[in-house]
Amino acid sequence: MLSSQVDARAKRQAFRAGLESGRLQRFPGAFTPLTAPLIQELGFEGAYISGAVMAAELGLPDIGLTTLTEVVQRGHQISRMTDLPTLIDADTGFGEPMNVARTVHELEDAGVAGLHIEDQVNPKRCGHLDGKEVVSADVAAQRIAAAVKARRDPGLVIMARTDVRGTVPGEQGLSLAVDRAKALEAVGADAIFPEAMQSLAEFEAIRAAVKVPILANMTEFGKSRLFTHEELEGVGVNLVIHPVSLLRIAMGAIERGLVDLRESGTLDGQLDGMQTRARLYELNDYASYNSFDQTLFDFEVPGTHE
């Protein structure tokens with residue numbers, strides 16, 4: 001009821017244990033707080049909180065327009081609704097080293113288990129778009145070093161994302177990504193997020209280059225083929241995220257429903273695809289609120305078709 005009874009430190013330890021387990025950790029993107037308990041119920045190891053999704057929910061493109069306050073608020077809202085660890089997108093850290101330090105403190109207080117900071121310049125853009133620019137290796141390292149130094153809970157996972165692969169085509173781009181991953185590990189990154197890898201062999205190259213866990217971003221319509229969990233685990237990937245998937249599924253269904261409503265004047269034909277009222281009440285744990293205060297829940301939950 002109200003929020004998870006598992007504290008943030010325990011979630012962070014669970015995240016670290018999962019990353020060291022040798023089993024692929026699966027983190028679907030929780031695009032609303034209500035999706036977080038569903039991800040937990042269905043047996044995933046954690047939930048991801050995407051910066052692209054936070055921007056999209058505000059009707060904005062993913063070019064660094066969201067503020068630290070907005071990201072922290074969403075991180076708290078989602079993290080409190082699940083016992084699972086959450087990993088959040090902290091973009092470029094919202095500035096240079098001192099801003100990065102504040103970002104770490106704010107997200108620690110929000111209850112996330114981990115965060116990643118990237119090496120793009122501002123204004124940033126989606127990692128699977130062309131035309132990205134990255135900061136120098138020294139600046140990228142400064143950001144991660146600042147995050148590591150600022151962290152108060154040593155259990156918080158500080159992940160370094162590098163977008164350098166997408167700035168240069170071919171083998172040179174991969175070579176730059178390998179070198180950048182090594183440099184970020186050297187300044188204390190707990191894990192590496194190599195963005196826009198184009199093949200399993202490229203993930204293997206990153207895996208061979210660093211000792212810390214690595215992440216694969218399986219976003220649809222991007223630079224990477226949608227590798228299966230089995231394929232990713234087979235090349236040593238420790239964590240996979242599906243950042244925008246649930247939002248895309250939901251928005252596709254919303255658009256189809258609106259078209260049907262416009263054309264037919266009713267949504268009766270959409271009922272079979274909708275979440276029922278009863279299922280919604282299961283996910284938001286309505287019954288527990290009744291146990292706490294019976295004046296709040298003094299009616300019978302409607303059946304599965306309501």
# chains A, B, ... in the order shown; residues from 1 in each chain; ligands from 1
call {"tool": "select_by_dssp", "arguments": {"residues": "stretch 67-234 of chain A", "states": "strand (DSSP E or B)", "output": "PDB file with N, CA, C and O atoms, in the first residue's frame"}}
result
ATOM      1  N   THR A  86      15.476   0.120  -9.716  1.00  0.00           N
ATOM      2  CA  THR A  86      15.224   0.950 -10.890  1.00  0.00           C
ATOM      3  C   THR A  86      16.522   1.595 -11.349  1.00  0.00           C
ATOM      4  O   THR A  86      17.350   2.014 -10.535  1.00  0.00           O
ATOM      5  N   LEU A  87      16.677   1.681 -12.660  1.00  0.00           N
ATOM      6  CA  LEU A  87      17.809   2.363 -13.287  1.00  0.00           C
ATOM      7  C   LEU A  87      17.245   3.544 -14.059  1.00  0.00           C
ATOM      8  O   LEU A  87      16.328   3.376 -14.866  1.00  0.00           O
ATOM      9  N   ILE A  88      17.798   4.739 -13.829  1.00  0.00           N
ATOM     10  CA  ILE A  88      17.246   5.940 -14.450  1.00  0.00           C
ATOM     11  C   ILE A  88      18.269   6.614 -15.362  1.00  0.00           C
ATOM     12  O   ILE A  88      19.476   6.582 -15.113  1.00  0.00           O
ATOM     13  N   ASP A  89      17.749   7.209 -16.407  1.00  0.00           N
ATOM     14  CA  ASP A  89      18.521   7.965 -17.378  1.00  0.00           C
ATOM     15  C   ASP A  89      18.737   9.383 -16.845  1.00  0.00           C
ATOM     16  O   ASP A  89      17.787  10.149 -16.708  1.00  0.00           O
ATOM     17  N   GLY A 114      20.155   2.844  -9.527  1.00  0.00           N
ATOM     18  CA  GLY A 114      21.284   3.192 -10.371  1.00  0.00           C
ATOM     19  C   GLY A 114      20.921   4.302 -11.333  1.00  0.00           C
ATOM     20  O   GLY A 114      19.731   4.587 -11.554  1.00  0.00           O
ATOM     21  N   LEU A 115      21.938   4.928 -11.907  1.00  0.00           N
ATOM     22  CA  LEU A 115      21.727   5.983 -12.894  1.00  0.00           C
ATOM     23  C   LEU A 115      22.845   5.903 -13.911  1.00  0.00           C
ATOM     24  O   LEU A 115      23.931   5.394 -13.635  1.00  0.00           O
ATOM     25  N   HIS A 116      22.550   6.400 -15.121  1.00  0.00           N
ATOM     26  CA  HIS A 116      23.633   6.478 -16.097  1.00  0.00           C
ATOM     27  C   HIS A 116      23.767   7.906 -16.612  1.00  0.00           C
ATOM     28  O   HIS A 116      22.785   8.641 -16.745  1.00  0.00           O
ATOM     29  N   ILE A 117      25.024   8.269 -16.851  1.00  0.00           N
ATOM     30  CA  ILE A 117      25.386   9.597 -17.333  1.00  0.00           C
ATOM     31  C   ILE A 117      26.156   9.416 -18.631  1.00  0.00           C
ATOM     32  O   ILE A 117      27.059   8.589 -18.721  1.00  0.00           O
ATOM     33  N   GLU A 118      25.811  10.204 -19.636  1.00  0.00           N
ATOM     34  CA  GLU A 118      26.365   9.997 -20.969  1.00  0.00           C
ATOM     35  C   GLU A 118      27.395  11.059 -21.324  1.00  0.00           C
ATOM     36  O   GLU A 118      27.547  12.067 -20.616  1.00  0.00           O
ATOM     37  N   GLN A 120      27.504  12.788 -24.335  1.00  0.00           N
ATOM     38  CA  GLN A 120      27.115  13.702 -25.413  1.00  0.00           C
ATOM     39  C   GLN A 120      27.317  15.160 -24.988  1.00  0.00           C
ATOM     40  O   GLN A 120      27.335  15.491 -23.801  1.00  0.00           O
ATOM     41  N   VAL A 134      29.976  14.110 -29.197  1.00  0.00           N
ATOM     42  CA  VAL A 134      30.358  13.748 -27.833  1.00  0.00           C
ATOM     43  C   VAL A 134      31.441  14.694 -27.326  1.00  0.00           C
ATOM     44  O   VAL A 134      32.164  15.315 -28.106  1.00  0.00           O
ATOM     45  N   VAL A 157      24.500   2.362  -8.090  1.00  0.00           N
ATOM     46  CA  VAL A 157      25.247   2.003  -9.296  1.00  0.00           C
ATOM     47  C   VAL A 157      25.401   3.232 -10.185  1.00  0.00           C
ATOM     48  O   VAL A 157      24.412   3.832 -10.611  1.00  0.00           O
ATOM     49  N   ILE A 158      26.655   3.612 -10.445  1.00  0.00           N
ATOM     50  CA  ILE A 158      26.973   4.708 -11.351  1.00  0.00           C
ATOM     51  C   ILE A 158      27.396   4.087 -12.681  1.00  0.00           C
ATOM     52  O   ILE A 158      28.457   3.463 -12.776  1.00  0.00           O
ATOM     53  N   MET A 159      26.583   4.255 -13.689  1.00  0.00           N
ATOM     54  CA  MET A 159      26.843   3.674 -14.994  1.00  0.00           C
ATOM     55  C   MET A 159      27.251   4.783 -15.967  1.00  0.00           C
ATOM     56  O   MET A 159      26.679   5.871 -15.946  1.00  0.00           O
ATOM     57  N   ALA A 160      28.237   4.488 -16.793  1.00  0.00           N
ATOM     58  CA  ALA A 160      28.698   5.441 -17.803  1.00  0.00           C
ATOM     59  C   ALA A 160      28.182   5.021 -19.166  1.00  0.00           C
ATOM     60  O   ALA A 160      28.432   3.898 -19.611  1.00  0.00           O
ATOM     61  N   ARG A 161      27.469   5.918 -19.814  1.00  0.00           N
ATOM     62  CA  ARG A 161      27.020   5.670 -21.181  1.00  0.00           C
ATOM     63  C   ARG A 161      27.938   6.419 -22.144  1.00  0.00           C
ATOM     64  O   ARG A 161      28.255   7.591 -21.920  1.00  0.00           O
ATOM     65  N   THR A 162      28.343   5.731 -23.202  1.00  0.00           N
ATOM     66  CA  THR A 162      29.105   6.401 -24.239  1.00  0.00           C
ATOM     67  C   THR A 162      28.388   6.294 -25.577  1.00  0.00           C
ATOM     68  O   THR A 162      27.963   5.216 -25.988  1.00  0.00           O
ATOM     69  N   ALA A 191      29.488   0.256 -14.305  1.00  0.00           N
ATOM     70  CA  ALA A 191      28.986  -0.468 -15.462  1.00  0.00           C
ATOM     71  C   ALA A 191      29.102   0.450 -16.667  1.00  0.00           C
ATOM     72  O   ALA A 191      29.203   1.674 -16.526  1.00  0.00           O
ATOM     73  N   ILE A 192      29.074  -0.151 -17.854  1.00  0.00           N
ATOM     74  CA  ILE A 192      29.209   0.602 -19.096  1.00  0.00           C
ATOM     75  C   ILE A 192      27.986   0.373 -19.974  1.00  0.00           C
ATOM     76  O   ILE A 192      27.536  -0.765 -20.152  1.00  0.00           O
ATOM     77  N   PHE A 193      27.465   1.450 -20.532  1.00  0.00           N
ATOM     78  CA  PHE A 193      26.330   1.440 -21.452  1.00  0.00           C
ATOM     79  C   PHE A 193      26.857   1.914 -22.806  1.00  0.00           C
ATOM     80  O   PHE A 193      26.932   3.109 -23.066  1.00  0.00           O
ATOM     81  N   PRO A 194      27.260   0.978 -23.682  1.00  0.00           N
ATOM     82  CA  PRO A 194      27.722   1.372 -25.007  1.00  0.00           C
ATOM     83  C   PRO A 194      26.524   1.536 -25.937  1.00  0.00           C
ATOM     84  O   PRO A 194      25.891   0.567 -26.336  1.00  0.00           O
ATOM     85  N   ILE A 214      28.084  -4.755 -18.551  1.00  0.00           N
ATOM     86  CA  ILE A 214      27.718  -3.920 -19.697  1.00  0.00           C
ATOM     87  C   ILE A 214      26.222  -4.059 -19.974  1.00  0.00           C
ATOM     88  O   ILE A 214      25.607  -5.076 -19.659  1.00  0.00           O
ATOM     89  N   LEU A 215      25.676  -3.016 -20.579  1.00  0.00           N
ATOM     90  CA  LEU A 215      24.240  -2.918 -20.861  1.00  0.00           C
ATOM     91  C   LEU A 215      24.003  -2.915 -22.369  1.00  0.00           C
ATOM     92  O   LEU A 215      24.772  -2.322 -23.123  1.00  0.00           O
ATOM     93  N   ALA A 216      22.900  -3.536 -22.773  1.00  0.00           N
ATOM     94  CA  ALA A 216      22.443  -3.472 -24.162  1.00  0.00           C
ATOM     95  C   ALA A 216      21.101  -2.765 -24.210  1.00  0.00           C
ATOM     96  O   ALA A 216      20.187  -3.102 -23.449  1.00  0.00           O
ATOM     97  N   ASN A 217      20.994  -1.806 -25.114  1.00  0.00           N
ATOM     98  CA  ASN A 217      19.752  -1.055 -25.302  1.00  0.00           C
ATOM     99  C   ASN A 217      19.001  -1.629 -26.497  1.00  0.00           C
ATOM    100  O   ASN A 217      19.395  -1.433 -27.640  1.00  0.00           O
TER     101      ASN A 217
END
call {"tool": "residues_around", "arguments": {"residues": "A:Ala10", "least_positions_apart": "5", "cutoff": "10 Å", "atoms": "only C-alpha atoms", "output": "list in words"}}
result
Phe15, Arg16, Asp83, Leu84, Pro85, Ala113 and Gly155 of chain A
call {"tool": "write_last_selection", "arguments": {"atoms": "N, CA and C atoms", "output": "PDB file, in the first residue's frame"}}
result
ATOM      1  N   PHE A  15      20.354  -4.950  -7.066  1.00  0.00           N
ATOM      2  CA  PHE A  15      20.796  -4.598  -8.412  1.00  0.00           C
ATOM      3  C   PHE A  15      22.229  -5.068  -8.629  1.00  0.00           C
ATOM      4  N   ARG A  16      23.090  -4.770  -7.678  1.00  0.00           N
ATOM      5  CA  ARG A  16      24.485  -5.178  -7.812  1.00  0.00           C
ATOM      6  C   ARG A  16      24.617  -6.706  -7.839  1.00  0.00           C
ATOM      7  N   ASP A  83       9.190  -3.144  -5.604  1.00  0.00           N
ATOM      8  CA  ASP A  83      10.287  -3.683  -4.800  1.00  0.00           C
ATOM      9  C   ASP A  83      11.545  -3.892  -5.638  1.00  0.00           C
ATOM     10  N   LEU A  84      11.418  -3.767  -6.945  1.00  0.00           N
ATOM     11  CA  LEU A  84      12.536  -4.005  -7.844  1.00  0.00           C
ATOM     12  C   LEU A  84      13.491  -2.812  -7.876  1.00  0.00           C
ATOM     13  N   PRO A  85      14.745  -3.049  -8.218  1.00  0.00           N
ATOM     14  CA  PRO A  85      15.649  -1.922  -8.468  1.00  0.00           C
ATOM     15  C   PRO A  85      15.250  -1.162  -9.724  1.00  0.00           C
ATOM     16  N   ALA A 113      18.008   2.780  -7.892  1.00  0.00           N
ATOM     17  CA  ALA A 113      19.116   1.876  -7.581  1.00  0.00           C
ATOM     18  C   ALA A 113      20.356   2.204  -8.387  1.00  0.00           C
ATOM     19  N   GLY A 155      26.321   1.684  -2.505  1.00  0.00           N
ATOM     20  CA  GLY A 155      25.554   0.702  -3.262  1.00  0.00           C
ATOM     21  C   GLY A 155      24.955   1.261  -4.537  1.00  0.00           C
TER      22      GLY A 155
END
call {"tool": "closest_residue", "arguments": {"among": "A:Gly170, A:Pro37, A:Gly18, A:Pro213", "to": "A:Asn284", "atoms": "only C-alpha atoms"}}
result
A:Pro37
call {"tool": "closest_residue", "arguments": {"among": "A:Tyr286, A:Ala30, A:Gln25, A:Ala14", "to": "A:Leu246", "atoms": "only C-alpha atoms"}}
result
A:Ala30
call {"tool": "residues_around", "arguments": {"residues": "A:Gly93", "least_positions_apart": "5", "cutoff": "10 Å", "atoms": "only C-alpha atoms", "output": "PDB file with N, CA, C and O atoms, in the first residue's frame"}}
result
ATOM      1  N   LEU A  68      16.220  18.575 -14.231  1.00  0.00           N
ATOM      2  CA  LEU A  68      16.561  17.666 -13.148  1.00  0.00           C
ATOM      3  C   LEU A  68      15.366  17.446 -12.233  1.00  0.00           C
ATOM      4  O   LEU A  68      15.090  16.321 -11.815  1.00  0.00           O
ATOM      5  N   MET A  98      29.969  19.825 -10.849  1.00  0.00           N
ATOM      6  CA  MET A  98      29.176  20.159  -9.667  1.00  0.00           C
ATOM      7  C   MET A  98      27.703  19.852  -9.894  1.00  0.00           C
ATOM      8  O   MET A  98      26.997  19.394  -8.984  1.00  0.00           O
ATOM      9  N   ASN A  99      27.203  20.106 -11.109  1.00  0.00           N
ATOM     10  CA  ASN A  99      25.825  19.755 -11.426  1.00  0.00           C
ATOM     11  C   ASN A  99      25.622  18.246 -11.375  1.00  0.00           C
ATOM     12  O   ASN A  99      24.587  17.763 -10.911  1.00  0.00           O
ATOM     13  N   VAL A 100      26.616  17.510 -11.877  1.00  0.00           N
ATOM     14  CA  VAL A 100      26.554  16.048 -11.823  1.00  0.00           C
ATOM     15  C   VAL A 100      26.456  15.576 -10.373  1.00  0.00           C
ATOM     16  O   VAL A 100      25.661  14.691 -10.044  1.00  0.00           O
ATOM     17  N   ALA A 101      27.240  16.174  -9.501  1.00  0.00           N
ATOM     18  CA  ALA A 101      27.210  15.797  -8.091  1.00  0.00           C
ATOM     19  C   ALA A 101      25.828  16.020  -7.488  1.00  0.00           C
ATOM     20  O   ALA A 101      25.295  15.178  -6.754  1.00  0.00           O
ATOM     21  N   ARG A 102      25.228  17.163  -7.808  1.00  0.00           N
ATOM     22  CA  ARG A 102      23.880  17.426  -7.285  1.00  0.00           C
ATOM     23  C   ARG A 102      22.874  16.439  -7.856  1.00  0.00           C
ATOM     24  O   ARG A 102      21.966  15.968  -7.161  1.00  0.00           O
ATOM     25  N   THR A 103      23.017  16.110  -9.138  1.00  0.00           N
ATOM     26  CA  THR A 103      22.135  15.136  -9.766  1.00  0.00           C
ATOM     27  C   THR A 103      22.184  13.805  -9.025  1.00  0.00           C
ATOM     28  O   THR A 103      21.142  13.185  -8.751  1.00  0.00           O
ATOM     29  N   VAL A 104      23.377  13.369  -8.662  1.00  0.00           N
ATOM     30  CA  VAL A 104      23.525  12.106  -7.933  1.00  0.00           C
ATOM     31  C   VAL A 104      22.809  12.177  -6.594  1.00  0.00           C
ATOM     32  O   VAL A 104      22.073  11.255  -6.210  1.00  0.00           O
ATOM     33  N   LEU A 115      21.938   4.928 -11.907  1.00  0.00           N
ATOM     34  CA  LEU A 115      21.727   5.983 -12.894  1.00  0.00           C
ATOM     35  C   LEU A 115      22.845   5.903 -13.911  1.00  0.00           C
ATOM     36  O   LEU A 115      23.931   5.394 -13.635  1.00  0.00           O
ATOM     37  N   HIS A 116      22.550   6.400 -15.121  1.00  0.00           N
ATOM     38  CA  HIS A 116      23.633   6.478 -16.097  1.00  0.00           C
ATOM     39  C   HIS A 116      23.767   7.906 -16.612  1.00  0.00           C
ATOM     40  O   HIS A 116      22.785   8.641 -16.745  1.00  0.00           O
ATOM     41  N   ILE A 117      25.024   8.269 -16.851  1.00  0.00           N
ATOM     42  CA  ILE A 117      25.386   9.597 -17.333  1.00  0.00           C
ATOM     43  C   ILE A 117      26.156   9.416 -18.631  1.00  0.00           C
ATOM     44  O   ILE A 117      27.059   8.589 -18.721  1.00  0.00           O
ATOM     45  N   GLU A 118      25.811  10.204 -19.636  1.00  0.00           N
ATOM     46  CA  GLU A 118      26.365   9.997 -20.969  1.00  0.00           C
ATOM     47  C   GLU A 118      27.395  11.059 -21.324  1.00  0.00           C
ATOM     48  O   GLU A 118      27.547  12.067 -20.616  1.00  0.00           O
ATOM     49  N   ASP A 119      28.056  10.814 -22.467  1.00  0.00           N
ATOM     50  CA  ASP A 119      29.143  11.700 -22.890  1.00  0.00           C
ATOM     51  C   ASP A 119      28.785  12.565 -24.092  1.00  0.00           C
ATOM     52  O   ASP A 119      29.682  13.045 -24.795  1.00  0.00           O
ATOM     53  N   ARG A 143      32.896  13.796 -15.669  1.00  0.00           N
ATOM     54  CA  ARG A 143      31.494  13.615 -15.275  1.00  0.00           C
ATOM     55  C   ARG A 143      31.323  12.369 -14.404  1.00  0.00           C
ATOM     56  O   ARG A 143      30.661  12.413 -13.360  1.00  0.00           O
ATOM     57  N   ILE A 144      31.904  11.268 -14.854  1.00  0.00           N
ATOM     58  CA  ILE A 144      31.743  10.011 -14.103  1.00  0.00           C
ATOM     59  C   ILE A 144      32.494  10.075 -12.777  1.00  0.00           C
ATOM     60  O   ILE A 144      31.984   9.634 -11.737  1.00  0.00           O
ATOM     61  N   ALA A 146      33.055  12.677 -11.000  1.00  0.00           N
ATOM     62  CA  ALA A 146      32.273  13.525 -10.100  1.00  0.00           C
ATOM     63  C   ALA A 146      31.095  12.763  -9.515  1.00  0.00           C
ATOM     64  O   ALA A 146      30.779  12.890  -8.318  1.00  0.00           O
ATOM     65  N   ALA A 147      30.436  11.961 -10.342  1.00  0.00           N
ATOM     66  CA  ALA A 147      29.294  11.176  -9.863  1.00  0.00           C
ATOM     67  C   ALA A 147      29.730  10.168  -8.811  1.00  0.00           C
ATOM     68  O   ALA A 147      29.078   9.998  -7.771  1.00  0.00           O
TER      69      ALA A 147
END
call {"tool": "select_by_dssp", "arguments": {"residues": "stretch 6-156 of chain A", "states": "alpha helix (DSSP H)", "output": "PyMOL selection string"}}
result
chain A and resi 8-19+35-41+51-57+68-79+97-110+137-150
call {"tool": "closest_residue", "arguments": {"among": "A:Val178, A:Leu60, A:Val148, A:Leu156", "to": "A:Glu204", "atoms": "only C-alpha atoms"}}
result
A:Val178
call {"tool": "residues_around", "arguments": {"residues": "A:Gly22", "least_positions_apart": "6", "cutoff": "9 Å", "atoms": "only C-alpha atoms", "output": "number ranges by chain"}}
result
A: 233, 236, 238
call {"tool": "write_last_selection", "arguments": {"atoms": "N, CA and C atoms", "output": "compact mmCIF listing (two decimals), in the first residue's frame"}}
result
# COMPACT_ATOMS: atom_id res chain seq x y z
N GLU A 233 22.79 -12.60 -23.66
CA GLU A 233 23.45 -13.30 -22.57
C GLU A 233 24.62 -14.13 -23.09
N GLY A 236 27.81 -12.19 -23.26
CA GLY A 236 28.29 -11.61 -22.01
C GLY A 236 27.64 -10.32 -21.57
N ASN A 238 25.24 -8.11 -19.48
CA ASN A 238 24.71 -8.32 -18.12
C ASN A 238 23.32 -7.75 -17.90
call {"tool": "closest_residue", "arguments": {"among": "A:Ile241, A:Ala181, A:Ile63, A:Leu174", "to": "A:Ala201", "atoms": "only C-alpha atoms"}}
result
A:Leu174
call {"tool": "closest_residue", "arguments": {"among": "A:Val237, A:Ala52, A:Val187, A:Val244", "to": "A:Leu24", "atoms": "only C-alpha atoms"}}
result
A:Val237
call {"tool": "residues_around", "arguments": {"residues": "A:Asp62", "least_positions_apart": "4", "cutoff": "9 Å", "atoms": "only C-alpha atoms", "output": "number ranges by chain"}}
result
A: 51-56, 66, 124-126
call {"tool": "residues_around", "arguments": {"residues": "stretch 255-265 of chain A", "least_positions_apart": "6", "cutoff": "10 Å", "atoms": "only C-alpha atoms", "output": "ChimeraX atom specification"}}
result
/A:271,273-274
call {"tool": "write_last_selection", "arguments": {"atoms": "C-alpha atoms", "output": "PDB file, in the first residue's frame"}}
result
ATOM      1  CA  LEU A 271     -13.167  -3.816 -24.686  1.00  0.00           C
ATOM      2  CA  GLY A 273      -8.075  -5.291 -25.567  1.00  0.00           C
ATOM      3  CA  MET A 274      -8.552  -3.073 -22.513  1.00  0.00           C
TER       4      MET A 274
END
call {"tool": "atom_distance", "arguments": {"atom1": "atom CA of A:Lys11", "atom2": "atom CA of A:Pro33"}}
result
16.7 Å
call {"tool": "closest_residue", "arguments": {"among": "A:Glu195, A:Lys182, A:Arg9, A:Ser224", "to": "A:Val210", "atoms": "only C-alpha atoms"}}
result
A:Lys182
